[in-house]
Every structure is written in structure tokens, then in C-alpha cells.
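The file protein28.cif comes next; it holds mmCIF, C-alpha atoms; chains and numbers go by the auth columns.
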data_protein
loop_
_atom_site.group_PDB
_atom_site.id
_atom_site.type_symbol
_atom_site.label_atom_id
_atom_site.label_comp_id
_atom_site.label_asym_id
_atom_site.label_seq_id
_atom_site.Cartn_x
_atom_site.Cartn_y
_atom_site.Cartn_z
_atom_site.B_iso_or_equiv
_atom_site.auth_seq_id
_atom_site.auth_asym_id
ATOM 1 C CA MET A 1 0.000 0.000 0.000 0.00 285 W
ATOM 2 C CA ASN A 2 1.235 3.448 -0.805 0.00 286 W
ATOM 3 C CA LYS A 3 1.944 5.476 2.295 0.00 287 W
ATOM 4 C CA VAL A 4 -0.471 8.340 2.696 0.00 288 W
ATOM 5 C CA THR A 5 1.111 11.780 3.003 0.00 289 W
ATOM 6 C CA ALA A 6 -1.238 13.134 5.642 0.00 290 W
ATOM 7 C CA SER A 7 -2.073 16.827 5.791 0.00 291 W
ATOM 8 C CA ASN A 8 -3.116 18.394 9.083 0.00 292 W
ATOM 9 C CA LYS A 9 -6.756 17.967 8.022 0.00 293 W
ATOM 10 C CA ILE A 10 -6.318 14.262 7.396 0.00 294 W
ATOM 11 C CA ILE A 11 -4.521 13.752 10.705 0.00 295 W
ATOM 12 C CA GLU A 12 -7.147 15.755 12.609 0.00 296 W
ATOM 13 C CA PHE A 13 -10.147 13.928 11.138 0.00 297 W
ATOM 14 C CA SER A 14 -8.589 10.480 11.302 0.00 298 W
ATOM 15 C CA ASN A 15 -7.856 11.075 14.999 0.00 299 W
ATOM 16 C CA LEU A 16 -11.429 12.286 15.526 0.00 300 W
ATOM 17 C CA LEU A 17 -12.992 9.159 13.993 0.00 301 W
ATOM 18 C CA TYR A 18 -10.533 6.890 15.792 0.00 302 W
ATOM 19 C CA GLU A 19 -11.475 8.498 19.115 0.00 303 W
ATOM 20 C CA VAL A 20 -15.203 8.038 18.423 0.00 304 W
ATOM 21 C CA GLU A 21 -14.650 4.286 18.356 0.00 305 W
ATOM 22 C CA GLN A 22 -13.050 4.464 21.795 0.00 306 W
ATOM 23 C CA VAL A 23 -15.425 6.863 23.557 0.00 307 W
ATOM 24 C CA ARG A 24 -18.564 5.773 21.640 0.00 308 W
ATOM 25 C CA VAL A 25 -19.896 9.293 21.123 0.00 309 W
ATOM 26 C CA PRO A 26 -20.659 10.008 17.440 0.00 310 W
ATOM 27 C CA SER A 27 -19.063 12.999 15.725 0.00 311 W
ATOM 28 C CA PRO A 28 -20.739 15.815 13.829 0.00 312 W
ATOM 29 C CA PRO A 29 -20.441 15.328 10.040 0.00 313 W
ATOM 30 C CA LEU A 30 -16.901 15.978 8.826 0.00 314 W
ATOM 31 C CA THR A 31 -18.389 17.791 5.843 0.00 315 W
ATOM 32 C CA GLU A 32 -19.922 20.300 8.243 0.00 316 W
ATOM 33 C CA LEU A 33 -16.670 20.737 10.147 0.00 317 W
ATOM 34 C CA ASP A 34 -14.856 21.332 6.852 0.00 318 W
ATOM 35 C CA LYS A 35 -17.041 22.197 3.864 0.00 319 W
ATOM 36 C CA GLU A 36 -14.053 21.801 1.519 0.00 320 W
ATOM 37 C CA LEU A 37 -13.405 18.164 2.420 0.00 321 W
ATOM 38 C CA THR A 38 -12.824 16.247 -0.822 0.00 322 W
ATOM 39 C CA ILE A 39 -13.411 12.615 -1.752 0.00 323 W
ATOM 40 C CA THR A 40 -9.645 12.142 -2.050 0.00 324 W
ATOM 41 C CA ASP A 41 -9.157 13.630 1.429 0.00 325 W
ATOM 42 C CA ALA A 42 -11.785 11.213 2.735 0.00 326 W
ATOM 43 C CA TYR A 43 -10.069 8.129 1.319 0.00 327 W
ATOM 44 C CA HIS A 44 -6.770 9.261 2.836 0.00 328 W
ATOM 45 C CA ILE A 45 -8.502 9.667 6.222 0.00 329 W
ATOM 46 C CA GLN A 46 -9.829 6.117 5.900 0.00 330 W
ATOM 47 C CA LEU A 47 -6.432 4.730 4.879 0.00 331 W
ATOM 48 C CA THR A 48 -4.704 6.541 7.745 0.00 332 W
ATOM 49 C CA ASN A 49 -6.975 4.857 10.283 0.00 333 W
ATOM 50 C CA ILE A 50 -6.601 1.467 8.616 0.00 334 W
ATOM 51 C CA GLU A 51 -2.820 1.830 8.988 0.00 335 W
ATOM 52 C CA LYS A 52 -3.290 2.694 12.680 0.00 336 W
ATOM 53 C CA LYS A 53 -5.372 -0.419 13.219 0.00 337 W
ATOM 54 C CA LYS A 54 -2.876 -2.607 11.401 0.00 338 W
ATOM 55 C CA GLU A 55 -0.107 -1.211 13.595 0.00 339 W
ATOM 56 C CA ALA A 56 -2.271 -2.142 16.605 0.00 340 W
ATOM 57 C CA GLY A 57 -2.396 -5.765 15.415 0.00 341 W
ATOM 58 C CA GLN A 58 -5.571 -5.915 13.364 0.00 342 W
ATOM 59 C CA LYS A 59 -5.472 -7.606 9.957 0.00 343 W
ATOM 60 C CA VAL A 60 -7.137 -6.583 6.689 0.00 344 W
ATOM 61 C CA ILE A 61 -9.009 -9.666 5.454 0.00 345 W
ATOM 62 C CA GLY A 62 -11.124 -8.123 2.721 0.00 346 W
ATOM 63 C CA LYS A 63 -12.976 -5.131 1.354 0.00 347 W
ATOM 64 C CA LYS A 64 -16.553 -3.921 1.184 0.00 348 W
ATOM 65 C CA ILE A 65 -18.288 -1.988 -1.539 0.00 349 W
ATOM 66 C CA GLY A 66 -20.952 0.437 -0.435 0.00 350 W
ATOM 67 C CA LEU A 67 -23.714 2.421 -2.059 0.00 351 W
ATOM 68 C CA THR A 68 -24.009 0.191 -5.114 0.00 352 W
ATOM 69 C CA SER A 69 -27.807 0.088 -5.141 0.00 353 W
ATOM 70 C CA LEU A 70 -30.070 2.974 -6.066 0.00 354 W
ATOM 71 C CA ALA A 71 -31.990 2.310 -2.850 0.00 355 W
ATOM 72 C CA MET A 72 -28.919 2.885 -0.679 0.00 356 W
ATOM 73 C CA GLN A 73 -27.807 5.909 -2.706 0.00 357 W
ATOM 74 C CA LYS A 74 -31.238 7.478 -2.212 0.00 358 W
ATOM 75 C CA LEU A 75 -31.294 6.563 1.472 0.00 359 W
ATOM 76 C CA LEU A 76 -27.999 8.356 2.116 0.00 360 W
ATOM 77 C CA ASN A 77 -28.316 11.005 -0.600 0.00 361 W
ATOM 78 C CA VAL A 78 -25.172 10.091 -2.533 0.00 362 W
ATOM 79 C CA ASP A 79 -24.602 9.351 -6.208 0.00 363 W
ATOM 80 C CA GLN A 80 -21.701 6.875 -6.494 0.00 364 W
ATOM 81 C CA PRO A 81 -20.309 3.756 -4.796 0.00 365 W
ATOM 82 C CA ASP A 82 -17.539 3.761 -2.232 0.00 366 W
ATOM 83 C CA TYR A 83 -15.369 1.179 -0.503 0.00 367 W
ATOM 84 C CA GLY A 84 -13.998 0.276 2.890 0.00 368 W
ATOM 85 C CA HIS A 85 -11.723 -2.285 4.520 0.00 369 W
ATOM 86 C CA LEU A 86 -12.778 -5.445 6.363 0.00 370 W
ATOM 87 C CA LEU A 87 -10.708 -6.239 9.444 0.00 371 W
ATOM 88 C CA ASP A 88 -10.471 -9.491 11.363 0.00 372 W
ATOM 89 C CA ARG A 89 -12.216 -7.944 14.382 0.00 373 W
ATOM 90 C CA MET A 90 -15.354 -7.285 12.300 0.00 374 W
ATOM 91 C CA VAL A 91 -16.287 -10.959 11.896 0.00 375 W
ATOM 92 C CA ILE A 92 -19.404 -12.324 13.611 0.00 376 W
ATOM 93 C CA GLU A 93 -20.164 -16.045 13.307 0.00 377 W
ATOM 94 C CA ASN A 94 -23.310 -17.166 11.511 0.00 378 W
ATOM 95 C CA GLN A 95 -26.234 -17.160 14.003 0.00 379 W
ATOM 96 C CA GLY A 96 -23.986 -15.207 16.358 0.00 380 W
ATOM 97 C CA VAL A 97 -24.752 -12.299 18.647 0.00 381 W
ATOM 98 C CA VAL A 98 -23.807 -8.641 18.267 0.00 382 W
ATOM 99 C CA THR A 99 -23.217 -7.128 21.683 0.00 383 W
ATOM 100 C CA LYS A 100 -24.084 -3.518 22.436 0.00 384 W
ATOM 101 C CA GLU A 101 -20.492 -2.385 22.844 0.00 385 W
ATOM 102 C CA LYS A 102 -19.649 -3.446 19.282 0.00 386 W
ATOM 103 C CA VAL A 103 -21.998 -0.991 17.540 0.00 387 W
ATOM 104 C CA LEU A 104 -23.271 2.582 17.744 0.00 388 W
ATOM 105 C CA GLN A 105 -26.045 3.061 15.154 0.00 389 W
ATOM 106 C CA PRO A 106 -26.316 -0.286 13.358 0.00 390 W
ATOM 107 C CA LYS A 107 -28.251 -1.114 10.200 0.00 391 W
ATOM 108 C CA VAL A 108 -28.461 -4.481 8.433 0.00 392 W
ATOM 109 C CA GLU A 109 -27.970 -5.223 4.736 0.00 393 W
ATOM 110 C CA GLY A 110 -28.145 -8.427 2.700 0.00 394 W
ATOM 111 C CA GLU A 111 -25.300 -9.007 0.246 0.00 395 W
ATOM 112 C CA ILE A 112 -23.382 -11.547 -1.827 0.00 396 W
ATOM 113 C CA ALA A 113 -19.823 -12.147 -0.622 0.00 397 W
ATOM 114 C CA PHE A 114 -17.052 -13.113 -3.052 0.00 398 W
ATOM 115 C CA VAL A 115 -14.007 -15.046 -1.844 0.00 399 W
ATOM 116 C CA LEU A 116 -11.044 -14.691 -4.206 0.00 400 W
ATOM 117 C CA LYS A 117 -8.725 -17.451 -5.420 0.00 401 W
ATOM 118 C CA ASP A 118 -6.503 -15.018 -7.366 0.00 402 W
ATOM 119 C CA ASP A 119 -5.354 -11.416 -6.998 0.00 403 W
ATOM 120 C CA LEU A 120 -7.283 -8.712 -8.853 0.00 404 W
ATOM 121 C CA LYS A 121 -5.371 -5.589 -9.835 0.00 405 W
ATOM 122 C CA GLY A 122 -6.714 -2.587 -11.734 0.00 406 W
ATOM 123 C CA PRO A 123 -6.979 -0.473 -13.767 0.00 407 W
ATOM 124 C CA ASN A 124 -8.800 -2.532 -16.417 0.00 408 W
ATOM 125 C CA VAL A 125 -10.526 -5.277 -14.449 0.00 409 W
ATOM 126 C CA THR A 126 -13.798 -6.531 -15.980 0.00 410 W
ATOM 127 C CA ALA A 127 -16.703 -8.506 -14.543 0.00 411 W
ATOM 128 C CA MET A 128 -15.387 -11.556 -16.394 0.00 412 W
ATOM 129 C CA ASP A 129 -12.003 -11.104 -14.696 0.00 413 W
ATOM 130 C CA VAL A 130 -13.825 -11.062 -11.360 0.00 414 W
ATOM 131 C CA LEU A 131 -15.669 -14.301 -12.097 0.00 415 W
ATOM 132 C CA MET A 132 -12.455 -16.019 -13.142 0.00 416 W
ATOM 133 C CA ALA A 133 -10.684 -14.848 -9.956 0.00 417 W
ATOM 134 C CA THR A 134 -13.504 -15.901 -7.600 0.00 418 W
ATOM 135 C CA ASP A 135 -13.173 -19.108 -5.600 0.00 419 W
ATOM 136 C CA TYR A 136 -16.794 -19.134 -4.401 0.00 420 W
ATOM 137 C CA ILE A 137 -19.659 -16.924 -3.199 0.00 421 W
ATOM 138 C CA LEU A 138 -21.665 -16.866 0.045 0.00 422 W
ATOM 139 C CA PRO A 139 -24.709 -15.099 1.506 0.00 423 W
ATOM 140 C CA ALA A 140 -23.664 -12.286 3.804 0.00 424 W
ATOM 141 C CA ILE A 141 -25.076 -9.864 6.319 0.00 425 W
ATOM 142 C CA GLU A 142 -23.258 -6.573 6.543 0.00 426 W
ATOM 143 C CA ILE A 143 -23.918 -4.610 9.702 0.00 427 W
ATOM 144 C CA VAL A 144 -23.194 -1.069 8.643 0.00 428 W
ATOM 145 C CA ASP A 145 -22.560 1.502 11.339 0.00 429 W
ATOM 146 C CA SER A 146 -21.644 5.161 11.455 0.00 430 W
ATOM 147 C CA ARG A 147 -19.346 7.175 13.657 0.00 431 W
ATOM 148 C CA ILE A 148 -21.235 10.252 12.371 0.00 432 W
ATOM 149 C CA LYS A 149 -24.138 11.408 14.522 0.00 433 W
ATOM 150 C CA ASP A 150 -27.609 10.347 13.296 0.00 434 W
ATOM 151 C CA TRP A 151 -26.193 9.048 9.982 0.00 435 W
ATOM 152 C CA LYS A 152 -26.191 12.628 8.651 0.00 436 W
ATOM 153 C CA ILE A 153 -23.584 11.792 6.049 0.00 437 W
ATOM 154 C CA LYS A 154 -22.490 12.935 2.658 0.00 438 W
ATOM 155 C CA LEU A 155 -20.255 10.808 0.455 0.00 439 W
ATOM 156 C CA ALA A 156 -17.020 12.178 1.956 0.00 440 W
ATOM 157 C CA ASP A 157 -18.280 11.444 5.484 0.00 441 W
ATOM 158 C CA THR A 158 -18.975 7.778 4.852 0.00 442 W
ATOM 159 C CA ILE A 159 -15.750 7.243 2.898 0.00 443 W
ATOM 160 C CA ALA A 160 -13.641 8.763 5.692 0.00 444 W
ATOM 161 C CA ASP A 161 -15.511 6.513 8.142 0.00 445 W
ATOM 162 C CA ASN A 162 -14.339 3.336 6.352 0.00 446 W
ATOM 163 C CA ALA A 163 -17.471 3.368 4.191 0.00 447 W
ATOM 164 C CA SER A 164 -19.605 3.132 7.345 0.00 448 W
ATOM 165 C CA SER A 165 -18.286 -0.360 8.036 0.00 449 W
ATOM 166 C CA GLY A 166 -19.264 -2.143 11.208 0.00 450 W
ATOM 167 C CA LEU A 167 -19.378 -5.934 11.288 0.00 451 W
ATOM 168 C CA TYR A 168 -20.236 -8.764 8.923 0.00 452 W
ATOM 169 C CA VAL A 169 -21.526 -12.336 8.962 0.00 453 W
ATOM 170 C CA LEU A 170 -20.984 -15.050 6.344 0.00 454 W
ATOM 171 C CA GLY A 171 -23.305 -18.021 6.007 0.00 455 W
ATOM 172 C CA GLY A 172 -24.653 -20.657 3.692 0.00 456 W
ATOM 173 C CA LYS A 173 -22.329 -22.985 1.850 0.00 457 W
ATOM 174 C CA PRO A 174 -19.572 -22.105 -0.637 0.00 458 W
ATOM 175 C CA THR A 175 -21.194 -21.926 -4.076 0.00 459 W
ATOM 176 C CA PRO A 176 -19.228 -21.904 -7.355 0.00 460 W
ATOM 177 C CA VAL A 177 -19.778 -18.561 -9.027 0.00 461 W
ATOM 178 C CA ASP A 178 -20.381 -20.164 -12.418 0.00 462 W
ATOM 179 C CA SER A 179 -23.302 -22.235 -11.105 0.00 463 W
ATOM 180 C CA VAL A 180 -25.674 -19.276 -10.666 0.00 464 W
ATOM 181 C CA ASP A 181 -26.827 -16.175 -12.523 0.00 465 W
ATOM 182 C CA LEU A 182 -25.596 -13.456 -10.184 0.00 466 W
ATOM 183 C CA ALA A 183 -27.893 -10.781 -11.594 0.00 467 W
ATOM 184 C CA GLN A 184 -30.974 -12.950 -11.018 0.00 468 W
ATOM 185 C CA ILE A 185 -30.270 -14.142 -7.461 0.00 469 W
ATOM 186 C CA GLY A 186 -33.197 -13.127 -5.277 0.00 470 W
ATOM 187 C CA MET A 187 -32.823 -11.982 -1.672 0.00 471 W
ATOM 188 C CA VAL A 188 -35.236 -11.858 1.249 0.00 472 W
ATOM 189 C CA LEU A 189 -34.380 -9.938 4.424 0.00 473 W
ATOM 190 C CA GLU A 190 -36.334 -10.981 7.517 0.00 474 W
ATOM 191 C CA LYS A 191 -36.454 -9.034 10.780 0.00 475 W
ATOM 192 C CA ASN A 192 -37.881 -10.883 13.763 0.00 476 W
ATOM 193 C CA GLY A 193 -39.482 -13.437 11.444 0.00 477 W
ATOM 194 C CA GLU A 194 -41.165 -10.926 9.136 0.00 478 W
ATOM 195 C CA ILE A 195 -40.073 -10.017 5.611 0.00 479 W
ATOM 196 C CA VAL A 196 -39.016 -6.352 5.622 0.00 480 W
ATOM 197 C CA ASN A 197 -37.032 -6.127 2.376 0.00 481 W
ATOM 198 C CA THR A 198 -36.415 -8.005 -0.839 0.00 482 W
ATOM 199 C CA GLY A 199 -33.792 -7.526 -3.513 0.00 483 W
ATOM 200 C CA VAL A 200 -32.052 -9.073 -6.482 0.00 484 W
ATOM 201 C CA GLY A 201 -28.450 -9.289 -7.654 0.00 485 W
ATOM 202 C CA ALA A 202 -29.091 -6.835 -10.475 0.00 486 W
ATOM 203 C CA ALA A 203 -29.717 -4.121 -7.841 0.00 487 W
ATOM 204 C CA ALA A 204 -25.932 -3.889 -7.343 0.00 488 W
ATOM 205 C CA LEU A 205 -24.698 -2.053 -10.445 0.00 489 W
ATOM 206 C CA GLY A 206 -26.562 -4.522 -12.655 0.00 490 W
ATOM 207 C CA ASN A 207 -24.492 -7.463 -11.402 0.00 491 W
ATOM 208 C CA PRO A 208 -22.470 -7.921 -8.201 0.00 492 W
ATOM 209 C CA ALA A 209 -19.428 -8.836 -10.303 0.00 493 W
ATOM 210 C CA ASN A 210 -19.551 -5.322 -11.761 0.00 494 W
ATOM 211 C CA CYS A 211 -19.209 -3.996 -8.207 0.00 495 W
ATOM 212 C CA VAL A 212 -16.081 -6.042 -7.542 0.00 496 W
ATOM 213 C CA ALA A 213 -14.606 -4.902 -10.860 0.00 497 W
ATOM 214 C CA TRP A 214 -15.335 -1.274 -9.904 0.00 498 W
ATOM 215 C CA LEU A 215 -13.580 -1.873 -6.592 0.00 499 W
ATOM 216 C CA ALA A 216 -10.446 -3.363 -8.141 0.00 500 W
ATOM 217 C CA ASN A 217 -10.178 -0.420 -10.512 0.00 501 W
ATOM 218 C CA LYS A 218 -10.859 2.173 -7.802 0.00 502 W
ATOM 219 C CA LEU A 219 -8.214 0.637 -5.534 0.00 503 W
ATOM 220 C CA TYR A 220 -5.650 1.006 -8.315 0.00 504 W
ATOM 221 C CA GLU A 221 -5.798 4.768 -7.681 0.00 505 W
ATOM 222 C CA PHE A 222 -4.392 4.103 -4.198 0.00 506 W
ATOM 223 C CA GLY A 223 -1.869 1.432 -5.143 0.00 507 W
ATOM 224 C CA ILE A 224 -3.943 -1.362 -3.577 0.00 508 W
ATOM 225 C CA THR A 225 -4.563 -4.835 -5.035 0.00 509 W
ATOM 226 C CA LEU A 226 -7.335 -7.243 -4.078 0.00 510 W
ATOM 227 C CA LYS A 227 -5.572 -10.332 -2.755 0.00 511 W
ATOM 228 C CA LYS A 228 -6.178 -14.058 -3.047 0.00 512 W
ATOM 229 C CA GLY A 229 -8.242 -15.226 -0.072 0.00 513 W
ATOM 230 C CA GLU A 230 -9.849 -11.859 0.605 0.00 514 W
ATOM 231 C CA VAL A 231 -13.576 -11.575 1.279 0.00 515 W
ATOM 232 C CA ILE A 232 -15.337 -8.950 -0.834 0.00 516 W
ATOM 233 C CA LEU A 233 -18.781 -7.755 0.240 0.00 517 W
ATOM 234 C CA SER A 234 -20.235 -6.710 -3.098 0.00 518 W
ATOM 235 C CA GLY A 235 -22.914 -4.267 -1.997 0.00 519 W
ATOM 236 C CA ALA A 236 -26.424 -4.148 -0.536 0.00 520 W
ATOM 237 C CA LEU A 237 -29.255 -5.618 -2.603 0.00 521 W
ATOM 238 C CA SER A 238 -31.836 -3.378 -0.901 0.00 522 W
ATOM 239 C CA ALA A 239 -32.000 -0.491 1.542 0.00 523 W
ATOM 240 C CA ALA A 240 -30.491 -1.007 4.997 0.00 524 W
ATOM 241 C CA VAL A 241 -32.791 -1.772 7.931 0.00 525 W
ATOM 242 C CA ASP A 242 -32.331 -0.299 11.418 0.00 526 W
ATOM 243 C CA ALA A 243 -31.249 -2.804 14.078 0.00 527 W
ATOM 244 C CA LYS A 244 -32.023 -2.512 17.783 0.00 528 W
ATOM 245 C CA SER A 245 -31.438 -4.608 20.878 0.00 529 W
ATOM 246 C CA GLY A 246 -33.427 -7.849 20.694 0.00 530 W
ATOM 247 C CA ASP A 247 -33.746 -7.901 16.903 0.00 531 W
ATOM 248 C CA TYR A 248 -33.021 -11.085 14.959 0.00 532 W
ATOM 249 C CA PHE A 249 -32.215 -10.933 11.247 0.00 533 W
ATOM 250 C CA THR A 250 -32.052 -13.611 8.570 0.00 534 W
ATOM 251 C CA ILE A 251 -30.973 -13.121 4.966 0.00 535 W
ATOM 252 C CA ARG A 252 -32.034 -15.755 2.454 0.00 536 W
ATOM 253 C CA LEU A 253 -30.434 -15.814 -0.988 0.00 537 W
ATOM 254 C CA ALA A 254 -31.716 -18.095 -3.736 0.00 538 W
ATOM 255 C CA HIS A 255 -29.297 -20.984 -4.410 0.00 539 W
ATOM 256 C CA LEU A 256 -26.850 -19.711 -1.756 0.00 540 W
ATOM 257 C CA GLY A 257 -28.634 -20.428 1.513 0.00 541 W
ATOM 258 C CA SER A 258 -29.150 -18.214 4.552 0.00 542 W
ATOM 259 C CA VAL A 259 -27.270 -16.288 7.220 0.00 543 W
ATOM 260 C CA SER A 260 -28.543 -14.950 10.544 0.00 544 W
ATOM 261 C CA VAL A 261 -27.534 -12.678 13.402 0.00 545 W
ATOM 262 C CA ARG A 262 -29.060 -11.461 16.668 0.00 546 W
ATOM 263 C CA PHE A 263 -28.582 -8.127 18.441 0.00 547 W
ATOM 264 C CA GLU A 264 -28.145 -8.256 22.210 0.00 548 W
#
Give the structure from the file, written as C-alpha cells.
Amino acid sequence: MNKVTASNKIIEFSNLLYEVEQVRVPSPPLTELDKELTITDAYHIQLTNIEKKKEAGQKVIGKKIGLTSLAMQKLLNVDQPDYGHLLDRMVIENQGVVTKEKVLQPKVEGEIAFVLKDDLKGPNVTAMDVLMATDYILPAIEIVDSRIKDWKIKLADTIADNASSGLYVLGGKPTPVDSVDLAQIGMVLEKNGEIVNTGVGAAALGNPANCVAWLANKLYEFGITLKKGEVILSGALSAAVDAKSGDYFTIRLAHLGSVSVRFE
């Protein structure tokens, strides 16, 4: 990874978001604190905090793509995807429990996870390249969270905040990517036994493989390569659903199986 040359702004905001995770008091939007905050600034803030966490012993085990569906873009009033890093401390076991101290303002999304068998390096990665580099796919729950108060975010806010990453859960059984039509995979999101959202693979940039290709090409701008063995969360297939203490969520994906999580 290229070392980020951090300006005072990047240092200040990365420290602010890092502190929020420790004290558990959300921050005002960064874009209100600095109305000139750019998308490039925001990615450097994210990368600075990822480096801090790696130095503290955490490991990057994958990436997530956010804001790939029109529903999520409308929900958060943004107009393009973004990405964040998955760390080993974000993993929750299938049918596991999310304790209160792990989240601030959680929401649940249903996604398709790709597990890579080969590296993917931009700048000209295609959806076909993604399929060829994929070992298998799984149903996934992403628990998005925000260190920004009341989710009042613009694109630069969520990018700086590691694309509003929180936790994630993988389930089902490994499925060969060439055995299904990714664009046609249907999803049902259940909250406390009731269906609250449905979606389809095509909701994520037309095909989840397009999302992973976008990611590989975007990462090229920062000198980052997707690595063999990494987990890639390819983007929400419907709008996120608020999660509160006592809630139980199940995601069912056609042909891929299900994945569940409970909030303490």
C-alpha cells in the first residue's frame, strides 16, 4: 500500500474518527466541520486509520463496496459507490450475537460475498475477470454503522468513516460462481421473522461482479490490489434496515442459503 502523506486535516479527522470508536460518542459530520473536504481527502482519512489499526495488530481480510444500489444511494443522498476495509475484528459467526459495545447506530444489509482465489489488480478489471478470480460466493449480512451522529452523512463522510463499516456475517455454503446467474439471485431480508425487504443481484450495479470490478479499478488509484483469499462484500441488494437490541435478522439468498444474526 502506498503510504499516505497526511495533511493536518487528514490527521485531525482520522484522529477524531478513531477516538469516536473508543469513547462511543458520534461525531458531527466531517463535511460540516470542513465544507471543503474532498473525496480524495476522505479516502486518505480512511487509509490513515486502517494503517493505525494494522499497527495495533488488526489484519485486513477483505474489502466492502458500499452504495451500489439505487436504494442505498437514495437513502444516504449520494450518487456513487464507495469502498472500505474489512478487518479481522469485524467478523461475527453465523447465528452469532452482536453485543451492544460493538456498535453505535447499526443497520443491516443483505449481500453476496465473493471469496477470491486469485489477486485482482486494476486499472482494467472486468466482470469476467472477477468471475475467473472468484473461488466461491456466500450469503452475507453486513452490519453497517456510522461514527457520524444520526447518519447525517455525505459521500465524503462515509468514505472517511471506512465506508460506514461495522461488522459482517458469512453463512450458507460455498457456491461456485459459475453455477448461478448473479444478476438474477433473489434476496429476502427478515427481521424478527417478518419479511421487511427483498432484492435481487441486479440491484448492485446490474451485477455484483460489476461492483467487484469497480472496486479493483478504484483501488488502483491508491496502489492497492485485491488479494487471493480476501472476502469482498459486493454491496447491498436493498435499503439497509435499522437494528435494535433484541432484533433477529435472517438473509435468504436463492441458491446460496441463509445467514442470521441477533442483536443483544
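The residues returned by the PyMOL selection byres ((chain W and resi 536) around 9) on the shown structure are Gly394, Pro423, Gly456, Gly470, Met471, Val472, Leu473, Glu474, Thr534, Ile535, Leu537, Ala538, Leu540, Gly541, Ser542, Val543 and Ser544 of chain W.
Minimum atom-to-atom distance to W:Glu385, evaluated using only C-alpha atoms, belongs to W:Gln306 out of W:Asn481, W:Thr459, W:Thr442, W:Gln306.
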Open item on the list: Can you measure atom CA of W:Val382 to atom CA of W:Val428 for me? One decimal in Å is fine.
Closed with: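 Those two atoms sit 12.3 Å apart.
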- [ ] Can you turn the PyMOL selection byres ((chain W and resi 517-529) around 8) into a concrete residue list for this file, as a PyMOL selection string?
- [x] chain W and resi 347-353+355-356+359+384+389-398+424+426+471+481-488+492-493+495-496+515-516+530-531+547-548
Which residues, written as an mmCIF file with C-alpha atoms, in the coordinates of the input, have at least one atom at most 9 Å from W:Val344, with all atoms listed in the file counted and residues fewer than 3 positions away on the same chain left out?
data_model
loop_
_atom_site.group_PDB
_atom_site.id
_atom_site.type_symbol
_atom_site.label_atom_id
_atom_site.label_comp_id
_atom_site.auth_asym_id
_atom_site.auth_seq_id
_atom_site.Cartn_x
_atom_site.Cartn_y
_atom_site.Cartn_z
ATOM 1 C CA ILE W 334 -6.601 1.467 8.616
ATOM 2 C CA LYS W 338 -2.876 -2.607 11.401
ATOM 3 C CA LYS W 347 -12.976 -5.131 1.354
ATOM 4 C CA HIS W 369 -11.723 -2.285 4.520
ATOM 5 C CA LEU W 370 -12.778 -5.445 6.363
ATOM 6 C CA LEU W 371 -10.708 -6.239 9.444
ATOM 7 C CA ASP W 372 -10.471 -9.491 11.363
ATOM 8 C CA GLU W 514 -9.849 -11.859 0.605
#
Task: Top pick for closest residue to W:Ile323, considering W:Ile294, W:Leu415, W:Leu400, W:Leu422 and counting only C-alpha atoms - done: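 Closest to W:Ile323 of all the choices is W:Ile294.
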Task: W:Lys475, W:Asp462, W:Glu505, W:Gln468 ranked by distance to W:Gly490, top pick (using only C-alpha atoms) - done: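 For W:Gly490, the nearest of the given residues is W:Gln468.
Using all atoms listed in the file, the smallest distance between any of W:Tyr420, W:Lys433, W:Ala444, W:Pro365 and W:Leu466 comes from W:Tyr420.
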TODO: Could you check how far atom CA of W:Pro460 sits from atom CA of W:Gly477, in Å to one decimal?
DONE: 28.9 Å
- [ ] Let me know the residues the PyMOL selection byres ((chain W and resi 315) around 8) catches in the file above, as a PyMOL selection string.
- [x] chain W and resi 313-314+316-321+437-438+440-441
Task: Cut-off 7 Å around (-18.2, 0.9, 11.8) with all atoms listed in the file: residues as a ChimeraX atom specification - done: /W:428-431,448-451
- [ ] Counting only C-alpha atoms, figure out which residue out of W:Val409, W:Ile443, W:Leu454, W:Val381 gets nearest to W:Thr324.
- [x] W:Ile443
Take every atom of stretch 331-349 of chain W listed in the file, pad by 4 Å on each side, and give me the axis-aligned box centre and edge lengths in Å, one decimal, as AutoDock Vina command-line options.
--center_x -9.2 --center_y -1.6 --center_z 7.5 --size_x 26.2 --size_y 24.2 --size_z 26.1
Open item on the list: Just the number, please: distance in Å from atom CA of W:Ala497 to atom CA of W:Gly346, one decimal.
Closed with: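 Answer for the atom CA of W:Ala497 to atom CA of W:Gly346 separation: 14.4 Å.
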Open item on the list: Given only C-alpha atoms as the basis, pick out the residue of W:Ala411, W:Ile469, W:Ala326, W:Lys457 nearest to W:Asp366.
Closed with: W:Ala326
